[in-house]
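J.: Contents of structure.txt (compact mmCIF, C-alpha atoms):
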# COMPACT_ATOMS: atom_id res chain seq x y z
CA MET A 1275 11.60 75.47 24.70
CA ASP A 1276 11.38 78.04 21.94
CA THR A 1277 12.03 77.29 18.31
CA LEU A 1278 15.70 77.42 17.53
CA SER A 1279 16.68 80.04 15.01
CA ALA A 1280 20.07 79.97 13.42
CA SER A 1281 21.55 82.68 11.31
CA ASN A 1282 24.98 83.56 10.06
CA LYS A 1283 24.43 87.04 11.52
CA THR A 1284 26.05 88.78 8.59
CA GLY A 1285 23.23 91.27 8.30
CA LYS A 1286 21.96 89.74 5.06
CA LEU A 1287 18.44 90.62 3.98
CA ARG A 1288 15.87 88.05 5.09
CA LYS A 1289 13.80 86.58 2.27
CA PRO A 1290 10.40 88.16 1.67
CA PRO A 1291 7.50 85.66 1.73
CA TRP A 1292 7.08 85.69 -2.05
CA LEU A 1293 10.49 84.06 -2.46
CA LYS A 1294 9.50 80.85 -0.74
CA ILE A 1295 9.55 77.80 -2.99
CA ASP A 1296 7.89 74.39 -2.75
CA ARG A 1297 10.52 71.67 -3.17
CA ARG A 1298 8.19 68.68 -3.18
CA VAL A 1299 8.79 66.24 -6.01
CA THR A 1300 6.01 65.04 -8.31
CA ALA A 1301 5.96 62.07 -10.68
CA THR A 1302 6.15 64.55 -13.59
CA HIS A 1303 9.32 66.01 -12.07
CA GLU A 1304 10.87 62.54 -11.94
CA ARG A 1305 9.91 61.88 -15.55
CA VAL A 1306 11.63 65.08 -16.71
CA LYS A 1307 14.68 64.30 -14.59
CA ASN A 1308 14.97 60.78 -15.96
CA VAL A 1309 14.86 62.02 -19.57
CA VAL A 1310 17.45 64.73 -18.84
CA LYS A 1311 19.82 62.30 -17.08
CA ASN A 1312 19.35 59.40 -19.50
CA GLU A 1313 19.99 61.61 -22.52
CA ARG A 1314 22.95 63.29 -20.77
CA LEU A 1315 21.51 66.75 -21.36
CA ALA A 1316 22.38 69.86 -19.42
CA THR A 1317 19.64 72.17 -18.19
CA VAL A 1318 20.04 75.75 -17.08
CA CYS A 1319 17.45 74.87 -14.42
CA GLU A 1320 20.06 72.75 -12.64
CA GLU A 1321 23.23 74.59 -13.60
CA ALA A 1322 21.88 77.97 -12.48
CA ASN A 1323 20.10 76.49 -9.43
CA CYS A 1324 16.86 77.96 -10.70
CA PRO A 1325 14.26 78.65 -8.00
CA ASN A 1326 11.51 77.54 -10.39
CA LEU A 1327 12.92 74.09 -11.12
CA HIS A 1328 10.32 72.28 -9.00
CA GLU A 1329 7.45 74.19 -10.56
CA CYS A 1330 8.61 73.87 -14.19
CA TRP A 1331 9.68 70.22 -13.99
CA GLY A 1332 7.04 69.12 -11.52
CA GLN A 1333 3.93 71.05 -12.61
CA HIS A 1334 4.59 71.91 -16.26
CA GLY A 1335 6.74 68.92 -17.23
CA THR A 1336 9.26 71.12 -18.99
CA ALA A 1337 12.93 72.04 -18.70
CA THR A 1338 15.16 74.60 -20.39
CA PHE A 1339 17.94 72.78 -22.17
CA MET A 1340 21.40 74.28 -22.16
CA ILE A 1341 23.41 73.12 -25.16
CA LEU A 1342 27.11 73.07 -26.05
CA GLY A 1343 28.14 71.70 -22.67
CA GLU A 1344 27.88 72.97 -19.15
CA VAL A 1345 31.06 75.03 -19.02
CA CYS A 1346 30.86 78.67 -20.11
CA THR A 1347 33.76 80.74 -21.40
CA ARG A 1348 32.45 83.83 -19.59
CA ARG A 1349 32.26 84.54 -15.88
CA CYS A 1350 29.29 86.82 -15.25
CA ARG A 1351 29.00 87.77 -11.60
CA PHE A 1352 25.31 86.93 -11.25
CA CYS A 1353 25.46 83.47 -12.79
CA SER A 1354 26.35 80.11 -11.27
CA VAL A 1355 27.07 78.23 -14.50
CA LYS A 1356 30.62 76.84 -14.36
CA THR A 1357 33.34 78.86 -16.08
CA GLY A 1358 36.35 77.37 -17.81
CA LEU A 1359 37.65 75.94 -21.02
CA PRO A 1360 34.83 73.81 -22.43
CA ARG A 1361 35.28 70.29 -23.70
CA THR A 1362 34.96 69.46 -27.38
CA ILE A 1363 31.61 69.61 -29.11
CA ASP A 1364 29.19 66.71 -28.75
CA PHE A 1365 27.86 66.43 -32.29
CA LYS A 1366 25.15 64.02 -31.21
CA GLU A 1367 23.69 66.46 -28.71
CA PRO A 1368 21.23 68.17 -31.13
CA ASN A 1369 19.61 64.82 -31.90
CA ARG A 1370 19.30 63.92 -28.21
CA VAL A 1371 17.71 67.31 -27.52
CA GLY A 1372 15.26 66.76 -30.37
CA SER A 1373 14.25 63.29 -29.27
CA SER A 1374 13.91 64.43 -25.65
CA VAL A 1375 11.61 67.28 -26.66
CA ALA A 1376 9.47 64.70 -28.48
CA GLU A 1377 9.60 62.24 -25.58
CA LEU A 1378 8.46 64.91 -23.12
CA GLY A 1379 5.72 65.95 -25.54
CA LEU A 1380 6.62 69.64 -25.24
CA LYS A 1381 4.55 72.22 -27.14
CA HIS A 1382 7.11 74.94 -26.46
CA VAL A 1383 10.77 74.50 -25.69
CA VAL A 1384 13.42 77.00 -24.67
CA ILE A 1385 16.95 76.19 -25.79
CA THR A 1386 19.76 78.16 -24.28
CA MET A 1387 23.52 77.78 -24.47
CA VAL A 1388 26.77 78.48 -22.70
CA ASP A 1389 29.01 81.09 -24.31
CA ARG A 1390 31.53 79.36 -26.53
CA ASP A 1391 34.06 82.08 -27.27
CA ASP A 1392 36.53 79.23 -27.88
CA LEU A 1393 34.76 78.28 -31.14
CA PRO A 1394 35.17 80.34 -34.33
CA ASP A 1395 31.38 80.50 -34.79
CA GLY A 1396 30.59 80.73 -31.07
CA GLY A 1397 28.57 77.54 -31.40
CA ALA A 1398 26.11 78.97 -33.94
CA LYS A 1399 26.20 75.87 -36.15
CA MET A 1400 25.23 73.67 -33.21
CA VAL A 1401 22.33 75.97 -32.38
CA VAL A 1402 21.14 75.65 -35.98
CA GLU A 1403 21.53 71.85 -35.84
CA THR A 1404 19.56 71.73 -32.61
CA VAL A 1405 16.64 73.68 -34.10
CA HIS A 1406 16.64 71.35 -37.10
CA ALA A 1407 16.67 68.30 -34.85
CA ILE A 1408 13.73 69.59 -32.79
CA ARG A 1409 11.78 70.31 -35.98
CA ARG A 1410 12.51 66.75 -37.17
CA HIS A 1411 11.49 65.05 -33.93
CA ALA A 1412 8.75 67.40 -32.77
CA PRO A 1413 7.52 69.49 -35.71
CA GLU A 1414 4.61 70.94 -33.72
CA CYS A 1415 6.80 72.27 -30.93
CA ALA A 1416 7.45 76.03 -30.78
CA VAL A 1417 11.17 76.77 -30.44
CA GLU A 1418 12.43 79.65 -28.35
CA LEU A 1419 16.17 80.33 -28.50
CA LEU A 1420 18.06 82.22 -25.83
CA THR A 1421 21.52 82.76 -27.23
CA SER A 1422 24.83 84.42 -26.45
CA ASP A 1423 25.89 87.54 -28.36
CA PHE A 1424 28.26 85.80 -30.85
CA MET A 1425 30.28 89.02 -30.53
CA ALA A 1426 27.63 90.46 -32.91
CA ARG A 1427 29.04 88.52 -35.89
CA PRO A 1428 26.37 88.87 -38.60
CA ALA A 1429 26.99 85.47 -40.23
CA ASP A 1430 26.45 83.58 -36.98
CA ILE A 1431 23.37 85.54 -35.93
CA PHE A 1432 21.79 85.40 -39.39
CA SER A 1433 22.36 81.64 -39.66
CA ILE A 1434 20.38 81.17 -36.46
CA VAL A 1435 17.60 83.62 -37.39
CA ASP A 1436 17.32 81.79 -40.73
CA THR A 1437 16.09 78.68 -38.89
CA LYS A 1438 13.04 80.83 -38.09
CA PRO A 1439 12.78 80.16 -34.38
CA ASP A 1440 9.41 81.17 -32.92
CA ILE A 1441 11.27 83.46 -30.55
CA MET A 1442 14.82 84.76 -30.77
CA SER A 1443 15.91 85.87 -27.34
CA HIS A 1444 19.06 87.51 -26.08
CA ASN A 1445 19.25 89.02 -22.61
CA ILE A 1446 20.58 92.42 -21.71
CA GLU A 1447 20.48 91.08 -18.09
CA THR A 1448 20.84 94.48 -16.39
CA VAL A 1449 20.74 98.24 -16.96
CA LYS A 1450 23.40 100.06 -18.96
CA ARG A 1451 25.38 101.49 -16.01
CA LEU A 1452 25.76 98.17 -14.19
CA THR A 1453 26.59 96.03 -17.24
CA PRO A 1454 30.41 96.21 -16.91
CA GLN A 1455 30.28 95.16 -13.24
CA ILE A 1456 27.80 92.37 -13.74
CA ARG A 1457 28.41 90.75 -17.11
CA SER A 1458 31.63 89.35 -18.47
CA ARG A 1459 32.96 90.08 -21.96
CA ALA A 1460 29.54 91.42 -22.92
CA SER A 1461 28.39 94.95 -23.56
CA TYR A 1462 25.01 96.63 -23.29
CA GLU A 1463 25.34 98.14 -26.76
CA ARG A 1464 26.42 94.87 -28.35
CA SER A 1465 23.47 93.05 -26.84
CA LEU A 1466 21.08 95.64 -28.23
CA ARG A 1467 22.88 95.36 -31.56
CA VAL A 1468 22.36 91.57 -31.60
CA LEU A 1469 18.62 92.04 -31.12
CA GLU A 1470 18.57 94.76 -33.76
CA MET A 1471 20.49 92.60 -36.24
CA SER A 1472 18.04 89.76 -35.76
CA TYR A 1473 15.04 92.00 -36.34
CA GLU A 1474 16.57 93.74 -39.35
CA HIS A 1475 17.52 90.42 -40.91
CA ASP A 1476 14.04 88.93 -40.50
CA SER A 1477 11.38 90.98 -38.79
CA SER A 1478 8.99 88.02 -38.83
CA VAL A 1479 11.06 86.43 -36.06
CA THR A 1480 9.88 87.80 -32.71
CA THR A 1481 12.66 89.08 -30.47
CA LYS A 1482 12.70 88.97 -26.68
CA SER A 1483 15.02 90.13 -23.92
CA SER A 1484 15.08 89.79 -20.14
CA LEU A 1485 16.64 91.63 -17.27
CA MET A 1486 17.13 91.23 -13.55
CA VAL A 1487 16.38 93.88 -10.93
CA GLY A 1488 17.75 94.16 -7.42
CA LEU A 1489 21.39 94.68 -8.41
CA GLY A 1490 21.44 98.34 -7.42
CA GLU A 1491 19.74 99.95 -10.42
CA THR A 1492 17.12 102.71 -10.20
CA VAL A 1493 13.62 102.35 -11.63
CA GLU A 1494 14.51 105.14 -14.11
CA GLU A 1495 17.42 103.04 -15.35
CA VAL A 1496 15.15 100.03 -15.82
CA VAL A 1497 12.73 102.18 -17.83
CA GLU A 1498 15.64 103.46 -19.93
CA ALA A 1499 16.66 99.85 -20.65
CA LEU A 1500 13.10 99.01 -21.69
CA GLN A 1501 13.07 102.06 -23.98
CA ASP A 1502 16.36 100.94 -25.52
CA LEU A 1503 14.89 97.50 -26.20
CA ARG A 1504 11.85 99.04 -27.87
CA LYS A 1505 14.14 101.18 -30.06
CA VAL A 1506 15.46 97.95 -31.61
CA ASP A 1507 11.93 96.53 -31.95
CA VAL A 1508 12.04 93.92 -29.20
CA SER A 1509 8.44 92.91 -28.54
CA ILE A 1510 8.67 90.62 -25.47
CA CYS A 1511 10.47 91.45 -22.25
CA ASN A 1512 10.73 89.64 -18.93
CA ILE A 1513 11.73 91.28 -15.65
CA GLY A 1514 12.68 89.26 -12.57
CA GLN A 1515 14.33 89.54 -9.17
CA TYR A 1516 18.09 88.90 -9.06
CA LEU A 1517 18.82 86.14 -6.53
CA GLN A 1518 22.32 85.45 -5.30
CA PRO A 1519 23.25 81.87 -6.31
CA THR A 1520 26.02 81.43 -3.71
CA ALA A 1521 27.83 83.58 -1.16
CA THR A 1522 30.58 84.28 -3.70
CA HIS A 1523 28.20 85.93 -6.19
CA LEU A 1524 27.02 89.54 -6.14
CA PRO A 1525 24.81 90.29 -3.12
CA VAL A 1526 21.19 91.35 -3.62
CA GLN A 1527 20.80 95.11 -3.13
CA LYS A 1528 17.04 95.11 -3.00
CA TYR A 1529 14.05 92.76 -3.06
CA TYR A 1530 11.38 94.36 -5.24
CA HIS A 1531 7.82 94.11 -3.96
CA PRO A 1532 5.20 92.46 -6.22
CA ASP A 1533 3.59 95.91 -6.57
CA GLU A 1534 6.84 97.29 -7.98
CA PHE A 1535 7.01 94.44 -10.48
CA ALA A 1536 3.44 95.27 -11.49
CA LEU A 1537 4.42 98.90 -12.05
CA LEU A 1538 7.34 97.88 -14.27
CA LYS A 1539 5.03 95.62 -16.24
CA GLY A 1540 2.64 98.51 -16.78
CA LYS A 1541 5.55 100.65 -17.92
CA ALA A 1542 6.59 97.97 -20.42
CA TYR A 1543 3.12 97.88 -21.97
CA GLU A 1544 3.08 101.68 -22.09
CA LEU A 1545 6.33 101.56 -24.05
CA GLY A 1546 4.75 99.24 -26.59
CA PHE A 1547 5.89 95.75 -25.67
CA THR A 1548 3.40 93.16 -26.88
CA HIS A 1549 4.10 90.95 -23.89
CA CYS A 1550 5.87 91.37 -20.57
CA GLU A 1551 6.21 89.06 -17.59
CA SER A 1552 7.37 90.86 -14.49
CA GLY A 1553 7.64 89.26 -11.05
CA ALA A 1554 10.07 88.09 -8.41
CA LEU A 1555 10.50 84.56 -9.75
CA VAL A 1556 10.21 85.48 -13.43
CA ARG A 1557 13.17 84.25 -15.45
CA SER A 1558 13.83 84.29 -19.19
CA SER A 1559 12.04 81.02 -19.75
CA TYR A 1560 9.62 81.02 -16.82
CA HIS A 1561 6.17 80.06 -18.14
CA ALA A 1562 7.62 80.65 -21.63
CA GLY A 1563 5.10 78.33 -23.27
CA GLU A 1564 2.07 80.00 -21.65
CA ASP A 1565 3.48 83.46 -22.40
CA TYR A 1566 4.07 82.61 -26.04
CA GLU A 1567 0.50 81.37 -26.34
CA SER A 1568 -0.75 84.63 -24.86
CA PHE A 1569 1.60 86.63 -27.13
CA ARG A 1570 0.30 84.82 -30.22
CA LYS A 1571 -3.26 85.58 -29.23
CA LYS A 1572 -2.34 89.25 -29.10
CA ILE A 1573 -0.72 89.41 -32.54
CA HIS A 1574 -2.35 86.67 -34.58
CA PRO A 1575 -5.33 87.83 -36.67
CA LEU A 1576 -7.13 84.49 -36.33
CA TYR A 1577 -6.77 84.58 -32.59
CA ARG A 1578 -7.69 88.26 -32.50
CA ASN A 1579 -10.90 87.70 -34.43
CA LYS A 1580 -11.89 85.04 -31.95
CA GLY A 1581 -11.45 87.69 -29.28
CA MET B 1069 21.36 56.13 6.39
CA TYR B 1070 18.00 56.73 4.69
CA TYR B 1071 16.93 59.50 2.34
CA THR B 1072 13.84 61.28 0.96
CA LYS B 1073 13.12 62.65 -2.51
CA THR B 1074 13.23 66.15 -1.05
CA HIS B 1075 16.80 65.44 0.14
CA GLU B 1076 16.40 64.98 3.88
CA TRP B 1077 18.41 62.19 5.51
CA LEU B 1078 17.61 60.00 8.51
CA LYS B 1079 20.02 57.89 10.53
CA PRO B 1080 18.72 55.44 13.19
CA ILE B 1081 20.70 55.90 16.41
CA GLY B 1082 19.21 53.15 18.58
CA GLY B 1083 15.78 52.28 19.90
CA ASN B 1084 13.19 54.30 18.03
CA LEU B 1085 15.39 57.38 17.86
CA ALA B 1086 16.84 58.79 14.63
CA ARG B 1087 18.89 61.80 13.71
CA ILE B 1088 17.74 63.82 10.69
CA GLY B 1089 19.30 66.42 8.42
CA ILE B 1090 19.69 67.69 4.86
CA SER B 1091 21.67 65.62 2.36
CA LYS B 1092 24.76 66.83 0.50
CA GLN B 1093 22.73 66.86 -2.71
CA GLY B 1094 20.01 68.93 -1.01
CA ILE B 1095 22.55 71.45 0.22
CA GLU B 1096 24.13 71.64 -3.21
CA GLU B 1097 20.74 72.52 -4.71
CA LEU B 1098 19.91 75.06 -2.01
CA GLY B 1099 23.25 76.89 -2.07
CA THR B 1100 24.78 78.80 0.83
CA ILE B 1101 22.49 78.54 3.87
CA GLU B 1102 21.96 81.85 5.67
CA PHE B 1103 19.12 81.22 8.07
CA MET B 1104 17.09 78.41 9.53
CA GLU B 1105 14.35 77.77 12.01
CA LEU B 1106 14.04 74.40 13.76
CA PRO B 1107 11.01 73.11 15.68
CA ALA B 1108 10.99 73.19 19.50
CA ILE B 1109 11.75 70.04 21.49
CA GLY B 1110 8.51 68.13 22.05
CA THR B 1111 7.00 69.19 18.70
CA SER B 1112 5.21 66.46 16.77
CA ILE B 1113 6.24 66.24 13.17
CA LYS B 1114 4.30 64.50 10.43
CA HIS B 1115 5.64 62.43 7.55
CA GLU B 1116 6.17 64.66 4.45
CA ALA B 1117 4.75 67.76 6.15
CA PRO B 1118 6.93 70.87 6.61
CA PHE B 1119 8.83 70.82 9.92
CA ALA B 1120 11.51 73.48 9.52
CA GLN B 1121 12.27 76.55 7.41
CA ILE B 1122 15.50 77.22 5.65
CA GLU B 1123 16.86 80.19 3.72
CA SER B 1124 19.73 80.04 1.30
CA THR B 1125 21.28 83.03 -0.46
CA LYS B 1126 18.75 82.35 -3.22
CA VAL B 1127 15.38 81.36 -1.77
CA SER B 1128 13.53 80.18 1.29
CA SER B 1129 11.90 76.80 1.54
CA ASP B 1130 10.41 74.27 3.94
CA LEU B 1131 12.09 71.06 4.95
CA TYR B 1132 9.79 68.05 4.89
CA ALA B 1133 9.68 65.50 7.71
CA PRO B 1134 11.11 62.16 6.59
CA VAL B 1135 8.95 60.33 9.16
CA SER B 1136 6.29 61.03 11.78
CA GLY B 1137 7.46 61.43 15.36
CA GLU B 1138 8.44 63.78 18.13
CA VAL B 1139 11.44 66.09 18.28
CA THR B 1140 13.59 65.09 21.27
CA GLU B 1141 16.70 67.13 20.52
CA VAL B 1142 17.82 69.88 18.15
CA ASN B 1143 21.35 70.72 17.07
CA ALA B 1144 21.91 73.84 19.19
CA GLU B 1145 25.36 74.31 17.69
CA LEU B 1146 23.73 75.49 14.47
CA SER B 1147 22.50 78.68 16.13
CA SER B 1148 26.05 80.00 16.12
CA GLU B 1149 27.63 77.69 13.52
CA ILE B 1150 25.13 77.63 10.66
CA HIS B 1151 28.00 77.12 8.19
CA LEU B 1152 28.09 73.48 9.39
CA LEU B 1153 25.05 72.91 7.17
CA ASN B 1154 27.18 73.68 4.13
CA SER B 1155 30.47 72.18 5.29
CA ASP B 1156 29.18 68.93 6.84
CA PRO B 1157 25.46 68.48 6.14
CA GLU B 1158 25.43 64.72 6.77
CA GLY B 1159 27.56 64.97 9.92
CA ALA B 1160 28.02 67.94 12.27
CA GLY B 1161 25.27 69.80 10.39
CA TRP B 1162 22.52 67.44 11.61
CA LEU B 1163 19.23 69.14 12.50
CA ALA B 1164 17.31 67.17 15.10
CA VAL B 1165 16.70 63.85 16.82
CA ILE B 1166 13.25 62.35 16.33
CA ARG B 1167 11.45 59.67 18.34
CA LEU B 1168 9.76 57.76 15.56
CA ASP B 1169 6.07 56.93 15.91
CA SER B 1170 6.76 53.66 14.16
CA LEU B 1171 9.90 51.92 12.97
CA GLU B 1172 7.95 50.62 10.01
CA SER B 1173 7.92 54.14 8.55
CA LEU B 1174 11.57 53.61 7.61
CA ALA B 1175 10.30 51.42 4.78
CA THR B 1176 8.92 54.53 3.04
CA LEU B 1177 12.44 55.99 2.74
CA MET B 1178 15.14 55.35 0.18
CA THR B 1179 18.27 53.43 1.05
CA GLU B 1180 21.64 54.97 0.21
CA GLU B 1181 21.80 52.87 -2.95
CA SER B 1182 18.32 53.75 -4.19
CA TYR B 1183 18.90 57.44 -3.35
CA LYS B 1184 22.05 57.40 -5.51
CA GLN B 1185 20.04 55.96 -8.37
CA TYR B 1186 17.27 58.50 -7.78
CA ILE B 1187 19.73 61.41 -8.06
CA ALA B 1188 21.21 59.92 -11.22
CA GLY B 1189 17.74 59.68 -12.78
CA GLU B 1190 17.68 55.89 -12.88
CA THR B 1191 14.37 55.39 -11.11
Would you write the structure of this file as structure tokens?
T.:
Amino acid sequence: MDTLSASNKTGKLRKPPWLKIDRRVTATHERVKNVVKNERLATVCEEANCPNLHECWGQHGTATFMILGEVCTRRCRFCSVKTGLPRTIDFKEPNRVGSSVAELGLKHVVITMVDRDDLPDGGAKMVVETVHAIRRHAPECAVELLTSDFMARPADIFSIVDTKPDIMSHNIETVKRLTPQIRSRASYERSLRVLEMSYEHDSSVTTKSSLMVGLGETVEEVVEALQDLRKVDVSICNIGQYLQPTATHLPVQKYYHPDEFALLKGKAYELGFTHCESGALVRSSYHAGEDYESFRKKIHPLYRNKG
Amino acid sequence: MYYTKTHEWLKPIGGNLARIGISKQGIEELGTIEFMELPAIGTSIKHEAPFAQIESTKVSSDLYAPVSGEVTEVNAELSSEIHLLNSDPEGAGWLAVIRLDSLESLATLMTEESYKQYIAGET
């Protein structure tokens, strides 16, 4: 008898071979999971059903923590994080994040957040507290923040930049034309403005932004987005394949070939980005620690002299 | 019912036969299933080695054999009703029946209770 193939016959695109993941579980994976569960932390790895979870937790022993709860006040059509009215703030969360970073022995941590449009400061104070807690518990650890737009309120953005994160990241997510269809209560211009405000407030804090491809944009539009990011002095960009979290989310329009990701990466370097990761499974925080190390080698005089 | 860390389940159904499938937790992590490929009847499968391919809206991945044995039956209904994997993964969405090489291999699997603890991060 032949192998039995089953399909929902809806004419969906089959997955290209480079989107196959290894779901085997290592001891390191279990260690990360136990810390996350015991400390009642949320991770975007789990909440967004990230395809890299097994690699990041299992091979690199790291997770991307999502603070301020697991319910987001926005409903972006690419994202599987729950939407709704969030619960109250957990004031002890920053400390648990800090101690977990120390317990996992991380050298680089990415902290992201749900949008908290319900709070007057959008959750900025809790972001600040979290950075302080990580510095207390794990002073050697590099901190990368991936934040919401705080509706471009200067006070909130400046308070976060003033903690001097190693990387201040905010994602434009997609090209200009598709932004209204794909993101919720966010605008392309405001996102650029947030990155610009951060850089103008303290240019020593590196800014970063990421976007997804495969949502129906043209390569020219992606290049335009990269140019717009360079205009506001963003120096790191990540480009990855959009993957549909569930059947109710936006369908994938196109799977980019690894060669196309390589071309976009080349384009990013041409435009002057200091670092760019571009690939099907690249996400904002994918290999963030390794990338930051490579970025520092490119810009740091001591590293540079060592060649 | 027994479980694996990669979220396959196994249910003994008499003699050395067992039905296998993907757990609710596994399906939740994979998302909406769009495509799958099951082994042919008579195929030998090997403990922890890939035995089937699955594609969700998000990614494709292997399923890993919970035990070693031989496939004696596959759930033919899935070829037209793949949505059963999402709606009833531990029931009507079963994948195959396996003749176990050895009943002792069940000892390598997690019981329902230990699987619950494993998911909750209490291992």
J.: Per residue of chain B within 6 Å of chain A, note the shortest atom pair and the distance in Å to one decimal, counting all atoms listed in the file, and order the rows by chain and increasing residue number, as a Markdown table.
T.:
| residue | atom | partner | partner_atom | distance |
| --- | --- | --- | --- | --- |
| B:Gly1099 | CA | A:Thr1520 | CA | 5.6 |
| B:Thr1100 | CA | A:Thr1520 | CA | 5.4 |
| B:Glu1102 | CA | A:Asn1282 | CA | 5.6 |
| B:Phe1103 | CA | A:Ser1281 | CA | 4.3 |
| B:Met1104 | CA | A:Ala1280 | CA | 5.1 |
| B:Glu1105 | CA | A:Ser1279 | CA | 4.4 |
| B:Leu1106 | CA | A:Leu1278 | CA | 5.1 |
| B:Pro1107 | CA | A:Thr1277 | CA | 5.0 |
| B:Ala1108 | CA | A:Thr1277 | CA | 4.4 |
| B:Thr1125 | CA | A:Gln1518 | CA | 5.5 |
| B:Lys1126 | CA | A:Leu1517 | CA | 5.0 |
| B:Val1127 | CA | A:Leu1293 | CA | 5.6 |
| B:Ser1128 | CA | A:Lys1294 | CA | 4.6 |
| B:Ser1129 | CA | A:Ile1295 | CA | 5.2 |
| B:Leu1146 | CA | A:Ala1280 | CA | 5.9 |
| B:Ser1147 | CA | A:Ala1280 | CA | 3.9 |
| B:Ile1150 | CA | A:Asn1282 | CA | 6.0 |
| B:Gly1189 | CA | A:Asn1308 | CA | 4.4 |
J.: Considering all atoms listed in the file, state which residue in the set B:Leu1163, B:Leu1153, B:Met1069, B:Leu1177 is at the smallest distance from Gly1094 (chain B).
T.: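 Checking each candidate against Gly1094 (chain B), we get B:Leu1153 as the closest.
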J.: Which value, in Å to one decimal, gives the distance between CA of Asp1502 (chain A) and CA of Leu1545 (chain A)?
T.: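 Calculated distance between CA of Asp1502 (chain A) and CA of Leu1545 (chain A) is 10.2 Å.
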J.: Do you know which residues lie at most 6 Å from (15.9, 70.4, 19.0), with coordinates as in the file and only C-alpha atoms counted, and could you write them as a ChimeraX atom specification?
T.: /B:1108-1109,1141-1143,1164
J.: Neighbouring residues of Tyr1473 (chain A) were defined as those with any atom within 12 Å, considering only C-alpha atoms; residues of the same chain fewer than 5 positions away were excluded. Please report them as a ChimeraX atom specification.
T.: /A:1428,1431-1432,1435-1436,1438,1441-1444,1466-1468,1478-1482,1503-1509
J.: What's the separation between CA of Cys1353 (chain A) and CA of Thr1074 (chain B), in Å to one decimal place?
T.: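 A separation of 24.2 Å between them.
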J.: Which residue out of A:Thr1492, A:Ser1559, A:Ser1433, A:Ser1568 has the minimum interatomic distance to Ala1337 (chain A) when all atoms listed in the file are used?
T.: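 Among A:Thr1492, A:Ser1559, A:Ser1433, A:Ser1568, it is A:Ser1559 that comes nearest to Ala1337 (chain A).
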J.: Near Ser1112 (chain B), within 10 Å and counting all atoms listed in the file, which residues show up once chain neighbours fewer than 4 positions away are dropped, as a PyMOL selection string?
T.: chain B and resi 1107-1108+1119+1136-1140+1166-1169
J.: Neighbours of Glu1181 (chain B) within 12 Å (all atoms listed in the file; same-chain residues fewer than 3 positions away dropped), as an NGL selection string?
T.: :B and (1069-1071 or 1177-1178 or 1184-1188 or 1190-1191)
J.: In Å, rounded to a single decimal, give me how far CA of Glu1551 (chain A) is from CA of Asp1130 (chain B).
T.: 26.5 Å
